[in-house]
file query.cif (mmCIF, C-alpha atoms and all ligand atoms)
data_upload
#
loop_
_atom_site.group_PDB
_atom_site.id
_atom_site.type_symbol
_atom_site.label_atom_id
_atom_site.label_comp_id
_atom_site.auth_asym_id
_atom_site.auth_seq_id
_atom_site.Cartn_x
_atom_site.Cartn_y
_atom_site.Cartn_z
ATOM 1 C CA MET A 17 0.000 0.000 0.000
ATOM 2 C CA THR A 18 1.408 3.411 -0.946
ATOM 3 C CA VAL A 19 1.850 6.232 1.566
ATOM 4 C CA GLN A 20 -0.839 8.237 -0.263
ATOM 5 C CA LEU A 21 -3.394 5.453 -0.020
ATOM 6 C CA LEU A 22 -2.509 4.784 3.597
ATOM 7 C CA SER A 23 -3.093 8.409 4.585
ATOM 8 C CA ASP A 24 -6.417 8.493 2.672
ATOM 9 C CA VAL A 25 -7.750 5.453 4.441
ATOM 10 C CA THR A 26 -6.581 6.553 7.887
ATOM 11 C CA THR A 27 -8.073 10.082 7.688
ATOM 12 C CA ASN A 28 -9.918 10.879 10.970
ATOM 13 C CA LEU A 29 -8.257 8.007 12.779
ATOM 14 C CA ASP A 30 -6.233 8.885 15.853
ATOM 15 C CA LEU A 31 -3.087 6.907 15.171
ATOM 16 C CA GLN A 32 -2.008 7.415 18.803
ATOM 17 C CA LYS A 33 -5.163 5.704 20.076
ATOM 18 C CA LEU A 34 -5.170 2.475 18.111
ATOM 19 C CA PRO A 35 -5.857 -0.843 19.815
ATOM 20 C CA GLN A 36 -2.684 -2.814 20.532
ATOM 21 C CA HIS A 37 -4.440 -6.107 19.936
ATOM 22 C CA ILE A 38 -7.381 -6.856 17.634
ATOM 23 C CA ALA A 39 -9.211 -10.193 17.680
ATOM 24 C CA VAL A 40 -11.459 -11.203 14.775
ATOM 25 C CA ILE A 41 -14.228 -13.753 14.389
ATOM 26 C CA MET A 42 -14.266 -14.192 10.620
ATOM 27 C CA ASP A 43 -17.904 -15.157 10.184
ATOM 28 C CA GLY A 44 -20.128 -15.314 7.116
ATOM 29 C CA ASN A 45 -17.943 -17.048 4.537
ATOM 30 C CA GLY A 46 -20.680 -19.606 3.812
ATOM 31 C CA ARG A 47 -23.447 -16.999 3.560
ATOM 32 C CA TRP A 48 -21.289 -14.803 1.331
ATOM 33 C CA ALA A 49 -20.805 -17.737 -1.050
ATOM 34 C CA LYS A 50 -24.492 -18.670 -0.954
ATOM 35 C CA SER A 51 -25.533 -15.099 -1.737
ATOM 36 C CA LYS A 52 -23.408 -15.307 -4.870
ATOM 37 C CA GLY A 53 -24.506 -18.810 -5.882
ATOM 38 C CA LEU A 54 -21.020 -20.180 -5.148
ATOM 39 C CA PRO A 55 -19.961 -23.233 -3.129
ATOM 40 C CA ARG A 56 -19.174 -22.583 0.571
ATOM 41 C CA ILE A 57 -15.494 -23.357 0.005
ATOM 42 C CA GLU A 58 -15.260 -20.364 -2.322
ATOM 43 C CA GLY A 59 -16.290 -18.233 0.660
ATOM 44 C CA HIS A 60 -13.394 -19.644 2.682
ATOM 45 C CA ARG A 61 -10.975 -19.029 -0.194
ATOM 46 C CA ARG A 62 -12.083 -15.405 -0.417
ATOM 47 C CA GLY A 63 -12.052 -15.161 3.360
ATOM 48 C CA ALA A 64 -8.407 -16.160 3.378
ATOM 49 C CA ASN A 65 -7.617 -13.280 0.977
ATOM 50 C CA THR A 66 -9.451 -10.899 3.297
ATOM 51 C CA LEU A 67 -7.412 -12.105 6.258
ATOM 52 C CA LYS A 68 -4.202 -11.524 4.330
ATOM 53 C CA GLU A 69 -5.255 -7.977 3.467
ATOM 54 C CA ILE A 70 -6.380 -7.167 7.025
ATOM 55 C CA LEU A 71 -3.136 -8.521 8.459
ATOM 56 C CA ARG A 72 -1.154 -6.289 6.112
ATOM 57 C CA VAL A 73 -3.218 -3.213 6.965
ATOM 58 C CA CYS A 74 -2.912 -3.875 10.712
ATOM 59 C CA LYS A 75 0.836 -4.128 10.252
ATOM 60 C CA ASP A 76 0.967 -0.904 8.198
ATOM 61 C CA TRP A 77 -1.108 0.951 10.798
ATOM 62 C CA GLY A 78 1.113 -0.161 13.668
ATOM 63 C CA ILE A 79 -1.272 -2.583 15.405
ATOM 64 C CA LYS A 80 0.948 -4.976 17.329
ATOM 65 C CA THR A 81 -1.213 -8.134 17.560
ATOM 66 C CA LEU A 82 -3.944 -9.671 15.403
ATOM 67 C CA THR A 83 -5.682 -12.865 16.545
ATOM 68 C CA ALA A 84 -7.959 -14.615 14.030
ATOM 69 C CA TYR A 85 -10.422 -17.427 14.771
ATOM 70 C CA ALA A 86 -9.933 -19.798 11.836
ATOM 71 C CA PHE A 87 -11.284 -23.130 13.125
ATOM 72 C CA SER A 88 -13.012 -23.913 16.401
ATOM 73 C CA THR A 89 -13.132 -27.208 18.294
ATOM 74 C CA GLU A 90 -16.809 -27.313 17.256
ATOM 75 C CA ASN A 91 -16.057 -26.871 13.527
ATOM 76 C CA TRP A 92 -15.197 -30.597 13.193
ATOM 77 C CA GLY A 93 -18.975 -31.081 13.056
ATOM 78 C CA ARG A 94 -19.105 -29.538 9.558
ATOM 79 C CA PRO A 95 -19.375 -31.697 6.408
ATOM 80 C CA VAL A 96 -16.188 -33.761 5.956
ATOM 81 C CA THR A 97 -15.490 -32.217 2.547
ATOM 82 C CA GLU A 98 -15.585 -28.683 4.023
ATOM 83 C CA VAL A 99 -13.287 -29.626 6.924
ATOM 84 C CA LYS A 100 -10.863 -31.283 4.499
ATOM 85 C CA PHE A 101 -10.929 -28.253 2.251
ATOM 86 C CA LEU A 102 -10.151 -25.931 5.169
ATOM 87 C CA MET A 103 -7.176 -28.078 6.248
ATOM 88 C CA VAL A 104 -5.793 -28.082 2.713
ATOM 89 C CA LEU A 105 -6.392 -24.335 2.435
ATOM 90 C CA PHE A 106 -4.526 -23.615 5.707
ATOM 91 C CA GLU A 107 -1.573 -25.726 4.569
ATOM 92 C CA ARG A 108 -1.465 -24.286 1.060
ATOM 93 C CA LEU A 109 -1.635 -20.727 2.375
ATOM 94 C CA LEU A 110 1.135 -21.290 4.863
ATOM 95 C CA ARG A 111 3.407 -22.712 2.155
ATOM 96 C CA LYS A 112 2.590 -19.870 -0.212
ATOM 97 C CA GLU A 113 2.707 -16.924 2.198
ATOM 98 C CA LEU A 114 5.403 -17.841 4.703
ATOM 99 C CA THR A 115 8.355 -16.171 2.969
ATOM 100 C CA GLU A 116 6.501 -12.907 2.430
ATOM 101 C CA MET A 117 5.130 -12.835 5.968
ATOM 102 C CA ASP A 118 8.598 -13.508 7.325
ATOM 103 C CA GLU A 119 10.083 -10.692 5.217
ATOM 104 C CA GLU A 120 7.383 -8.341 6.519
ATOM 105 C CA GLY A 121 8.291 -9.150 10.125
ATOM 106 C CA VAL A 122 5.169 -11.151 10.988
ATOM 107 C CA CYS A 123 5.565 -13.479 13.977
ATOM 108 C CA ILE A 124 3.109 -16.367 13.510
ATOM 109 C CA LYS A 125 1.694 -18.350 16.393
ATOM 110 C CA PHE A 126 -0.965 -21.042 16.184
ATOM 111 C CA ILE A 127 -3.192 -21.297 19.217
ATOM 112 C CA GLY A 128 -5.305 -24.364 19.921
ATOM 113 C CA ASP A 129 -4.774 -28.113 20.144
ATOM 114 C CA LEU A 130 -2.808 -28.829 16.993
ATOM 115 C CA SER A 131 -2.412 -32.573 17.661
ATOM 116 C CA PRO A 132 -5.546 -33.821 15.790
ATOM 117 C CA LEU A 133 -4.678 -31.821 12.640
ATOM 118 C CA PRO A 134 -3.227 -33.571 9.565
ATOM 119 C CA GLU A 135 0.463 -34.388 10.061
ATOM 120 C CA SER A 136 1.650 -32.391 7.030
ATOM 121 C CA LEU A 137 -0.292 -29.318 8.228
ATOM 122 C CA GLN A 138 1.195 -29.607 11.714
ATOM 123 C CA GLN A 139 4.669 -29.715 10.176
ATOM 124 C CA GLU A 140 4.024 -26.511 8.224
ATOM 125 C CA MET A 141 2.631 -24.851 11.346
ATOM 126 C CA TYR A 142 5.588 -25.697 13.569
ATOM 127 C CA HIS A 143 7.979 -24.743 10.768
ATOM 128 C CA SER A 144 6.332 -21.329 10.277
ATOM 129 C CA MET A 145 6.353 -20.634 14.026
ATOM 130 C CA GLU A 146 10.044 -21.520 14.206
ATOM 131 C CA VAL A 147 11.009 -19.426 11.157
ATOM 132 C CA THR A 148 9.142 -16.308 12.308
ATOM 133 C CA ASN A 149 9.764 -16.673 16.036
ATOM 134 C CA ASN A 150 12.002 -13.607 16.375
ATOM 135 C CA ASN A 151 9.966 -11.286 14.126
ATOM 136 C CA LYS A 152 8.731 -8.160 15.876
ATOM 137 C CA THR A 153 6.581 -6.083 13.485
ATOM 138 C CA ILE A 154 3.261 -7.793 14.218
ATOM 139 C CA GLN A 155 2.199 -10.827 16.222
ATOM 140 C CA PHE A 156 -0.268 -12.921 14.202
ATOM 141 C CA ASN A 157 -2.127 -15.503 16.281
ATOM 142 C CA VAL A 158 -4.231 -17.983 14.335
ATOM 143 C CA ALA A 159 -6.710 -20.007 16.380
ATOM 144 C CA ILE A 160 -7.091 -23.465 14.868
ATOM 145 C CA ASN A 161 -8.879 -26.287 16.687
ATOM 146 C CA TYR A 162 -9.279 -23.680 19.402
ATOM 147 C CA GLY A 163 -11.895 -23.627 22.151
ATOM 148 C CA SER A 164 -11.628 -21.226 25.046
ATOM 149 C CA ARG A 165 -13.193 -23.498 27.672
ATOM 150 C CA LEU A 166 -10.831 -26.311 26.725
ATOM 151 C CA GLU A 167 -7.908 -23.872 26.914
ATOM 152 C CA ILE A 168 -8.957 -22.947 30.475
ATOM 153 C CA VAL A 169 -9.377 -26.627 31.443
ATOM 154 C CA LYS A 170 -5.891 -27.337 30.088
ATOM 155 C CA ALA A 171 -4.456 -24.446 32.129
ATOM 156 C CA CYS A 172 -6.233 -25.669 35.300
ATOM 157 C CA LYS A 173 -4.804 -29.173 34.834
ATOM 158 C CA ALA A 174 -1.255 -27.868 34.346
ATOM 159 C CA ILE A 175 -1.538 -25.650 37.426
ATOM 160 C CA ALA A 176 -3.050 -28.482 39.522
ATOM 161 C CA GLN A 177 -0.161 -30.740 38.533
ATOM 162 C CA LYS A 178 2.367 -28.140 39.721
ATOM 163 C CA VAL A 179 0.535 -27.847 43.026
ATOM 164 C CA GLN A 180 0.451 -31.638 43.377
ATOM 165 C CA LEU A 181 4.218 -31.821 42.782
ATOM 166 C CA GLY A 182 4.745 -29.147 45.433
ATOM 167 C CA GLU A 183 6.183 -26.720 42.854
ATOM 168 C CA LEU A 184 3.422 -24.152 43.341
ATOM 169 C CA SER A 185 1.401 -23.088 46.351
ATOM 170 C CA PRO A 186 -2.365 -22.526 45.906
ATOM 171 C CA GLU A 187 -1.879 -19.002 47.299
ATOM 172 C CA ALA A 188 0.332 -18.162 44.318
ATOM 173 C CA ILE A 189 -2.533 -18.765 41.888
ATOM 174 C CA ASP A 190 -3.846 -15.432 40.666
ATOM 175 C CA GLU A 191 -5.188 -13.944 37.422
ATOM 176 C CA ASN A 192 -1.709 -13.268 36.103
ATOM 177 C CA LEU A 193 -0.591 -16.816 36.692
ATOM 178 C CA ILE A 194 -3.635 -18.269 34.937
ATOM 179 C CA SER A 195 -2.998 -15.978 31.941
ATOM 180 C CA GLN A 196 0.518 -17.389 31.759
ATOM 181 C CA TYR A 197 -0.895 -20.893 31.256
ATOM 182 C CA LEU A 198 -3.091 -19.927 28.290
ATOM 183 C CA TYR A 199 -2.064 -20.233 24.614
ATOM 184 C CA THR A 200 -2.038 -16.432 24.454
ATOM 185 C CA CYS A 201 0.528 -16.056 27.257
ATOM 186 C CA SER A 202 2.835 -13.928 25.107
ATOM 187 C CA SER A 203 0.134 -11.431 23.982
ATOM 188 C CA PRO A 204 -1.710 -8.700 25.880
ATOM 189 C CA ASP A 205 -5.498 -9.147 26.123
ATOM 190 C CA PRO A 206 -7.400 -7.990 23.023
ATOM 191 C CA ASP A 207 -8.556 -4.356 23.115
ATOM 192 C CA LEU A 208 -11.049 -4.830 20.306
ATOM 193 C CA LEU A 209 -13.034 -7.812 19.014
ATOM 194 C CA ILE A 210 -14.466 -7.559 15.508
ATOM 195 C CA ARG A 211 -17.138 -10.033 14.510
ATOM 196 C CA THR A 212 -18.494 -10.039 10.970
ATOM 197 C CA SER A 213 -21.895 -11.141 9.629
ATOM 198 C CA GLY A 214 -23.989 -9.690 12.438
ATOM 199 C CA GLU A 215 -23.913 -12.475 15.032
ATOM 200 C CA MET A 216 -23.738 -11.241 18.640
ATOM 201 C CA ARG A 217 -21.851 -14.149 20.179
ATOM 202 C CA LEU A 218 -18.379 -14.927 21.503
ATOM 203 C CA SER A 219 -18.556 -18.539 20.266
ATOM 204 C CA ASN A 220 -16.065 -19.910 22.813
ATOM 205 C CA PHE A 221 -13.324 -17.504 21.666
ATOM 206 C CA LEU A 222 -10.820 -16.019 24.162
ATOM 207 C CA LEU A 223 -13.388 -15.956 27.008
ATOM 208 C CA TRP A 224 -10.801 -15.290 29.714
ATOM 209 C CA GLN A 225 -8.792 -12.818 27.656
ATOM 210 C CA MET A 226 -11.776 -10.715 26.542
ATOM 211 C CA ALA A 227 -13.088 -9.740 29.986
ATOM 212 C CA TYR A 228 -12.708 -6.026 29.105
ATOM 213 C CA THR A 229 -12.479 -6.148 25.315
ATOM 214 C CA GLU A 230 -14.571 -3.699 23.300
ATOM 215 C CA ILE A 231 -16.858 -5.511 20.843
ATOM 216 C CA TYR A 232 -17.647 -4.334 17.316
ATOM 217 C CA VAL A 233 -20.129 -6.278 15.169
ATOM 218 C CA THR A 234 -20.704 -5.538 11.499
ATOM 219 C CA GLU A 235 -23.334 -7.056 9.198
ATOM 220 C CA THR A 236 -20.719 -7.423 6.448
ATOM 221 C CA PHE A 237 -19.730 -10.993 5.598
ATOM 222 C CA TRP A 238 -16.046 -11.691 6.217
ATOM 223 C CA PRO A 239 -15.020 -11.992 2.507
ATOM 224 C CA ASP A 240 -16.312 -8.417 1.983
ATOM 225 C CA PHE A 241 -14.608 -6.976 5.076
ATOM 226 C CA ASN A 242 -11.935 -4.507 3.933
ATOM 227 C CA PRO A 243 -9.603 -1.740 5.184
ATOM 228 C CA SER A 244 -12.348 0.861 5.126
ATOM 229 C CA GLU A 245 -14.578 -1.431 7.268
ATOM 230 C CA LEU A 246 -11.628 -1.906 9.593
ATOM 231 C CA LYS A 247 -11.349 1.853 9.834
ATOM 232 C CA GLN A 248 -15.052 2.048 10.841
ATOM 233 C CA ALA A 249 -14.376 -0.483 13.595
ATOM 234 C CA LEU A 250 -11.385 1.539 14.786
ATOM 235 C CA LEU A 251 -13.338 4.808 14.742
ATOM 236 C CA SER A 252 -16.041 3.152 16.845
ATOM 237 C CA TYR A 253 -13.360 1.831 19.220
ATOM 238 C CA GLN A 254 -11.839 5.291 19.554
ATOM 239 C CA GLN A 255 -15.180 6.691 20.732
ATOM 240 C CA ARG A 256 -15.519 4.160 23.545
ATOM 241 C CA ASP A 257 -14.923 5.165 27.143
ATOM 242 C CA ARG A 258 -12.922 2.208 28.488
ATOM 243 C CA ARG A 259 -13.430 2.251 32.253
ATOM 244 C CA PHE A 260 -12.403 -1.323 33.114
ATOM 245 C CA GLY A 261 -15.142 -1.381 35.767
ATOM 246 C CA LYS A 262 -14.074 1.963 37.263
ATOM 247 C CA VAL A 263 -15.623 5.436 37.087
ATOM 248 C CA SER A 264 -14.179 7.652 34.382
HETATM 249 C C1 LIG B 301 -16.736 -18.862 9.383
HETATM 250 O O1 LIG B 301 -17.655 -18.672 8.332
HETATM 251 C C2 LIG B 301 -15.419 -19.163 8.844
HETATM 252 C C3 LIG B 301 -14.668 -20.264 9.122
HETATM 253 C C4 LIG B 301 -15.100 -21.335 10.042
HETATM 254 C C5 LIG B 301 -13.366 -20.492 8.471
HETATM 255 C C6 LIG B 301 -12.471 -19.294 8.521
HETATM 256 C C7 LIG B 301 -11.277 -19.533 7.699
HETATM 257 C C8 LIG B 301 -10.757 -18.649 6.837
HETATM 258 C C9 LIG B 301 -11.289 -17.299 6.621
HETATM 259 C C10 LIG B 301 -9.531 -19.007 6.098
HETATM 260 C C11 LIG B 301 -8.399 -18.404 6.875
HETATM 261 C C12 LIG B 301 -7.119 -18.947 6.511
HETATM 262 C C13 LIG B 301 -6.052 -19.057 7.357
HETATM 263 C C14 LIG B 301 -4.739 -19.472 6.839
HETATM 264 C C15 LIG B 301 -6.117 -18.808 8.796
HETATM 265 P P1 LIG B 301 -18.852 -19.716 8.171
HETATM 266 O O2 LIG B 301 -18.396 -20.818 7.297
HETATM 267 O O3 LIG B 301 -19.296 -20.155 9.539
HETATM 268 O O4 LIG B 301 -19.924 -18.861 7.477
HETATM 269 P P2 LIG B 301 -21.507 -19.006 7.656
HETATM 270 O O5 LIG B 301 -21.821 -18.725 9.099
HETATM 271 O O6 LIG B 301 -22.040 -17.956 6.741
HETATM 272 O O7 LIG B 301 -21.871 -20.389 7.232
#
call {"tool": "encode", "arguments": {"input": "query.cif", "output": "structure tokens"}}
result
Amino acid sequence: MTVQLLSDVTTNLDLQKLPQHIAVIMDGNGRWAKSKGLPRIEGHRRGANTLKEILRVCKDWGIKTLTAYAFSTENWGRPVTEVKFLMVLFERLLRKELTEMDEEGVCIKFIGDLSPLPESLQQEMYHSMEVTNNNKTIQFNVAINYGSRLEIVKACKAIAQKVQLGELSPEAIDENLISQYLYTCSSPDPDLLIRTSGEMRLSNFLLWQMAYTEIYVTETFWPDFNPSELKQALLSYQQRDRRFGKVS
């Protein structure tokens, strides 16, 4: 994106008051495809392009972390052909985009239980995390086979084990410690959640981390979400009075 275009799109935005961390629930790929008489998988393909564009814009605007919900623990219940397509799409995208993302300073992290995913996909995931590990421009968390309740259960088990081994006292368990046992331990909590396609739900996404996150819902289907829609979300965010339970 050229400097000219960047300044056009960011007009009216307070670049000093941007969220540090944006989380996105990329909903509406299927409905987008249906509305155009296309197969659902075409919606996912277009959705992947949108994610690429939004990641680039977040990076250009100086947002430090983007977390995208790509596949939930519940999504295994979709038709087998759709699940297979998504797995192939994730793997193909990683292969195709890794070099460019690395050059742009993107640090990729997959959050979720990766163990049931196809072996070749897991290999690509671990490889991309290793290659980009030291990149600092933007942290890109991709939630795949992710469920927030399961993440919390996993953290509880790990903490309980430490207590059982005498390595941790129950008194030392506080909010900070629990955060350290979540997949997102290296990221601050999201400041802004964007959900596309009009649904008003959290869908088991980052339940612990989003205690004080501002929520923005747009009717737009994810494949049609674009930088100017992102700007609308940011303008809305900048008008919020974030009190974190206190009085302003
Ligand atoms: C929700 O729309 C979308 C998904 C479950 C898949 C999201 C995946 C992508 C956008 C591809 C991203 C690629 C990478 C590499 C992370 P839906 O299918 O639930 O839509 P619907 O509610 O209209 O049916």
call {"tool": "residues_around", "arguments": {"input": "query.cif", "residues": "A:Met103", "least_positions_apart": "6", "cutoff": "12 Å", "atoms": "all atoms listed in the file", "output": "PyMOL selection string"}}
result
chain A and resi 57+60-61+86-87+91-92+96-97+109-110+130+132-138+140-141+160-161
call {"tool": "resolve_selection", "arguments": {"input": "query.cif", "expression": "the PyMOL selection byres (((chain A and resi 212) around 9) and not hetatm)", "output": "mmCIF file with C-alpha atoms, keeping the file's coordinate frame"}}
result
data_model
loop_
_atom_site.group_PDB
_atom_site.id
_atom_site.type_symbol
_atom_site.label_atom_id
_atom_site.label_comp_id
_atom_site.auth_asym_id
_atom_site.auth_seq_id
_atom_site.Cartn_x
_atom_site.Cartn_y
_atom_site.Cartn_z
ATOM 1 C CA VAL A 40 -11.459 -11.203 14.775
ATOM 2 C CA ILE A 41 -14.228 -13.753 14.389
ATOM 3 C CA MET A 42 -14.266 -14.192 10.620
ATOM 4 C CA ASP A 43 -17.904 -15.157 10.184
ATOM 5 C CA GLY A 44 -20.128 -15.314 7.116
ATOM 6 C CA ILE A 210 -14.466 -7.559 15.508
ATOM 7 C CA ARG A 211 -17.138 -10.033 14.510
ATOM 8 C CA SER A 213 -21.895 -11.141 9.629
ATOM 9 C CA GLY A 214 -23.989 -9.690 12.438
ATOM 10 C CA GLU A 215 -23.913 -12.475 15.032
ATOM 11 C CA TYR A 232 -17.647 -4.334 17.316
ATOM 12 C CA VAL A 233 -20.129 -6.278 15.169
ATOM 13 C CA THR A 234 -20.704 -5.538 11.499
ATOM 14 C CA GLU A 235 -23.334 -7.056 9.198
ATOM 15 C CA THR A 236 -20.719 -7.423 6.448
ATOM 16 C CA PHE A 237 -19.730 -10.993 5.598
ATOM 17 C CA TRP A 238 -16.046 -11.691 6.217
ATOM 18 C CA PHE A 241 -14.608 -6.976 5.076
#
call {"tool": "closest_residue", "arguments": {"input": "query.cif", "among": "A:Gln155, A:Asn242, A:Phe221, A:Trp77", "to": "A:Gln32", "atoms": "only C-alpha atoms"}}
result
A:Trp77
call {"tool": "axis_aligned_box", "arguments": {"input": "query.cif", "around": "stretch 135-139 of chain A", "padding_each_side": "8 Å", "output": "JSON"}}
result
{"center_x": 2.2, "center_y": -31.9, "center_z": 9.4, "size_x": 21.0, "size_y": 21.1, "size_z": 20.7}
call {"tool": "closest_residue", "arguments": {"input": "query.cif", "among": "A:Val25, A:Phe101, A:Leu67, A:Gln36", "to": "ligand LIG 301 (chain B)", "atoms": "only C-alpha atoms and all ligand atoms"}}
result
A:Leu67
call {"tool": "resolve_selection", "arguments": {"input": "query.cif", "expression": "the PyMOL selection byres (((chain A and resi 70) around 12) and not hetatm)", "output": "PyMOL selection string"}}
result
chain A and resi 17+38-40+42+63-69+71-77+79+81-84+156+210+238-247
call {"tool": "atom_distance", "arguments": {"input": "query.cif", "atom1": "atom CA of A:Glu98", "atom2": "atom CA of A:Arg56"}}
result
7.9 Å
call {"tool": "atom_distance", "arguments": {"input": "query.cif", "atom1": "atom CA of A:Arg108", "atom2": "atom C12 of ligand LIG 301 (chain B)"}}
result
9.5 Å
call {"tool": "atom_distance", "arguments": {"input": "query.cif", "atom1": "atom CA of A:Leu29", "atom2": "atom CA of A:Asn151"}}
result
26.6 Å
call {"tool": "closest_residue", "arguments": {"input": "query.cif", "among": "A:Arg47, A:Arg217, A:Lys173, A:Lys152", "to": "ligand LIG 301 (chain B)", "atoms": "all atoms listed in the file"}}
result
A:Arg47
call {"tool": "closest_residue", "arguments": {"input": "query.cif", "among": "A:Thr148, A:Ser164, A:Ser219, A:Ser203", "to": "ligand LIG 301 (chain B)", "atoms": "all atoms listed in the file"}}
result
A:Ser219
call {"tool": "decode", "arguments": {"input": "query.cif", "residues": "stretch 213-237 of chain A", "atoms": "N, CA and C atoms", "output": "PDB file, in the first residue's frame"}}
result
ATOM      1  N   SER A 213     -20.639 -10.458   9.998  1.00  0.00           N
ATOM      2  CA  SER A 213     -21.895 -11.141   9.629  1.00  0.00           C
ATOM      3  C   SER A 213     -23.012 -11.021  10.663  1.00  0.00           C
ATOM      4  N   GLY A 214     -22.855 -10.083  11.593  1.00  0.00           N
ATOM      5  CA  GLY A 214     -23.989  -9.690  12.438  1.00  0.00           C
ATOM      6  C   GLY A 214     -24.297 -10.538  13.655  1.00  0.00           C
ATOM      7  N   GLU A 215     -23.591 -11.641  13.856  1.00  0.00           N
ATOM      8  CA  GLU A 215     -23.913 -12.475  15.032  1.00  0.00           C
ATOM      9  C   GLU A 215     -23.351 -11.828  16.292  1.00  0.00           C
ATOM     10  N   MET A 216     -24.139 -11.882  17.370  1.00  0.00           N
ATOM     11  CA  MET A 216     -23.738 -11.241  18.640  1.00  0.00           C
ATOM     12  C   MET A 216     -23.289 -12.296  19.649  1.00  0.00           C
ATOM     13  N   ARG A 217     -22.304 -13.076  19.287  1.00  0.00           N
ATOM     14  CA  ARG A 217     -21.851 -14.149  20.179  1.00  0.00           C
ATOM     15  C   ARG A 217     -20.342 -14.151  20.276  1.00  0.00           C
ATOM     16  N   LEU A 218     -19.835 -14.760  21.375  1.00  0.00           N
ATOM     17  CA  LEU A 218     -18.379 -14.927  21.503  1.00  0.00           C
ATOM     18  C   LEU A 218     -17.922 -16.277  20.963  1.00  0.00           C
ATOM     19  N   SER A 219     -18.849 -17.233  20.859  1.00  0.00           N
ATOM     20  CA  SER A 219     -18.556 -18.539  20.266  1.00  0.00           C
ATOM     21  C   SER A 219     -17.304 -19.210  20.832  1.00  0.00           C
ATOM     22  N   ASN A 220     -17.167 -19.185  22.158  1.00  0.00           N
ATOM     23  CA  ASN A 220     -16.065 -19.910  22.813  1.00  0.00           C
ATOM     24  C   ASN A 220     -14.683 -19.397  22.372  1.00  0.00           C
ATOM     25  N   PHE A 221     -14.589 -18.097  22.139  1.00  0.00           N
ATOM     26  CA  PHE A 221     -13.324 -17.504  21.666  1.00  0.00           C
ATOM     27  C   PHE A 221     -12.747 -16.589  22.749  1.00  0.00           C
ATOM     28  N   LEU A 222     -11.579 -16.875  23.245  1.00  0.00           N
ATOM     29  CA  LEU A 222     -10.820 -16.019  24.162  1.00  0.00           C
ATOM     30  C   LEU A 222     -11.673 -15.496  25.332  1.00  0.00           C
ATOM     31  N   LEU A 223     -12.436 -16.384  25.963  1.00  0.00           N
ATOM     32  CA  LEU A 223     -13.388 -15.956  27.008  1.00  0.00           C
ATOM     33  C   LEU A 223     -12.673 -15.291  28.186  1.00  0.00           C
ATOM     34  N   TRP A 224     -11.562 -15.865  28.594  1.00  0.00           N
ATOM     35  CA  TRP A 224     -10.801 -15.290  29.714  1.00  0.00           C
ATOM     36  C   TRP A 224     -10.181 -13.960  29.300  1.00  0.00           C
ATOM     37  N   GLN A 225      -9.583 -13.967  28.112  1.00  0.00           N
ATOM     38  CA  GLN A 225      -8.792 -12.818  27.656  1.00  0.00           C
ATOM     39  C   GLN A 225      -9.660 -11.609  27.316  1.00  0.00           C
ATOM     40  N   MET A 226     -10.959 -11.834  27.028  1.00  0.00           N
ATOM     41  CA  MET A 226     -11.776 -10.715  26.542  1.00  0.00           C
ATOM     42  C   MET A 226     -12.684 -10.121  27.622  1.00  0.00           C
ATOM     43  N   ALA A 227     -12.262 -10.264  28.887  1.00  0.00           N
ATOM     44  CA  ALA A 227     -13.088  -9.740  29.986  1.00  0.00           C
ATOM     45  C   ALA A 227     -13.419  -8.253  29.788  1.00  0.00           C
ATOM     46  N   TYR A 228     -12.479  -7.470  29.274  1.00  0.00           N
ATOM     47  CA  TYR A 228     -12.708  -6.026  29.105  1.00  0.00           C
ATOM     48  C   TYR A 228     -12.509  -5.553  27.663  1.00  0.00           C
ATOM     49  N   THR A 229     -12.667  -6.486  26.734  1.00  0.00           N
ATOM     50  CA  THR A 229     -12.479  -6.148  25.315  1.00  0.00           C
ATOM     51  C   THR A 229     -13.707  -5.408  24.773  1.00  0.00           C
ATOM     52  N   GLU A 230     -13.469  -4.394  23.976  1.00  0.00           N
ATOM     53  CA  GLU A 230     -14.571  -3.699  23.300  1.00  0.00           C
ATOM     54  C   GLU A 230     -15.017  -4.549  22.110  1.00  0.00           C
ATOM     55  N   ILE A 231     -16.338  -4.637  21.909  1.00  0.00           N
ATOM     56  CA  ILE A 231     -16.858  -5.511  20.843  1.00  0.00           C
ATOM     57  C   ILE A 231     -17.458  -4.668  19.716  1.00  0.00           C
ATOM     58  N   TYR A 232     -17.091  -5.014  18.494  1.00  0.00           N
ATOM     59  CA  TYR A 232     -17.647  -4.334  17.316  1.00  0.00           C
ATOM     60  C   TYR A 232     -18.204  -5.414  16.387  1.00  0.00           C
ATOM     61  N   VAL A 233     -19.502  -5.300  16.069  1.00  0.00           N
ATOM     62  CA  VAL A 233     -20.129  -6.278  15.169  1.00  0.00           C
ATOM     63  C   VAL A 233     -20.582  -5.557  13.911  1.00  0.00           C
ATOM     64  N   THR A 234     -20.223  -6.107  12.765  1.00  0.00           N
ATOM     65  CA  THR A 234     -20.704  -5.538  11.499  1.00  0.00           C
ATOM     66  C   THR A 234     -21.516  -6.593  10.751  1.00  0.00           C
ATOM     67  N   GLU A 235     -22.498  -6.136   9.988  1.00  0.00           N
ATOM     68  CA  GLU A 235     -23.334  -7.056   9.198  1.00  0.00           C
ATOM     69  C   GLU A 235     -22.560  -7.639   8.010  1.00  0.00           C
ATOM     70  N   THR A 236     -21.496  -6.992   7.627  1.00  0.00           N
ATOM     71  CA  THR A 236     -20.719  -7.423   6.448  1.00  0.00           C
ATOM     72  C   THR A 236     -20.217  -8.856   6.613  1.00  0.00           C
ATOM     73  N   PHE A 237     -20.311  -9.650   5.560  1.00  0.00           N
ATOM     74  CA  PHE A 237     -19.730 -10.993   5.598  1.00  0.00           C
ATOM     75  C   PHE A 237     -18.207 -10.869   5.496  1.00  0.00           C
TER      76      PHE A 237
END
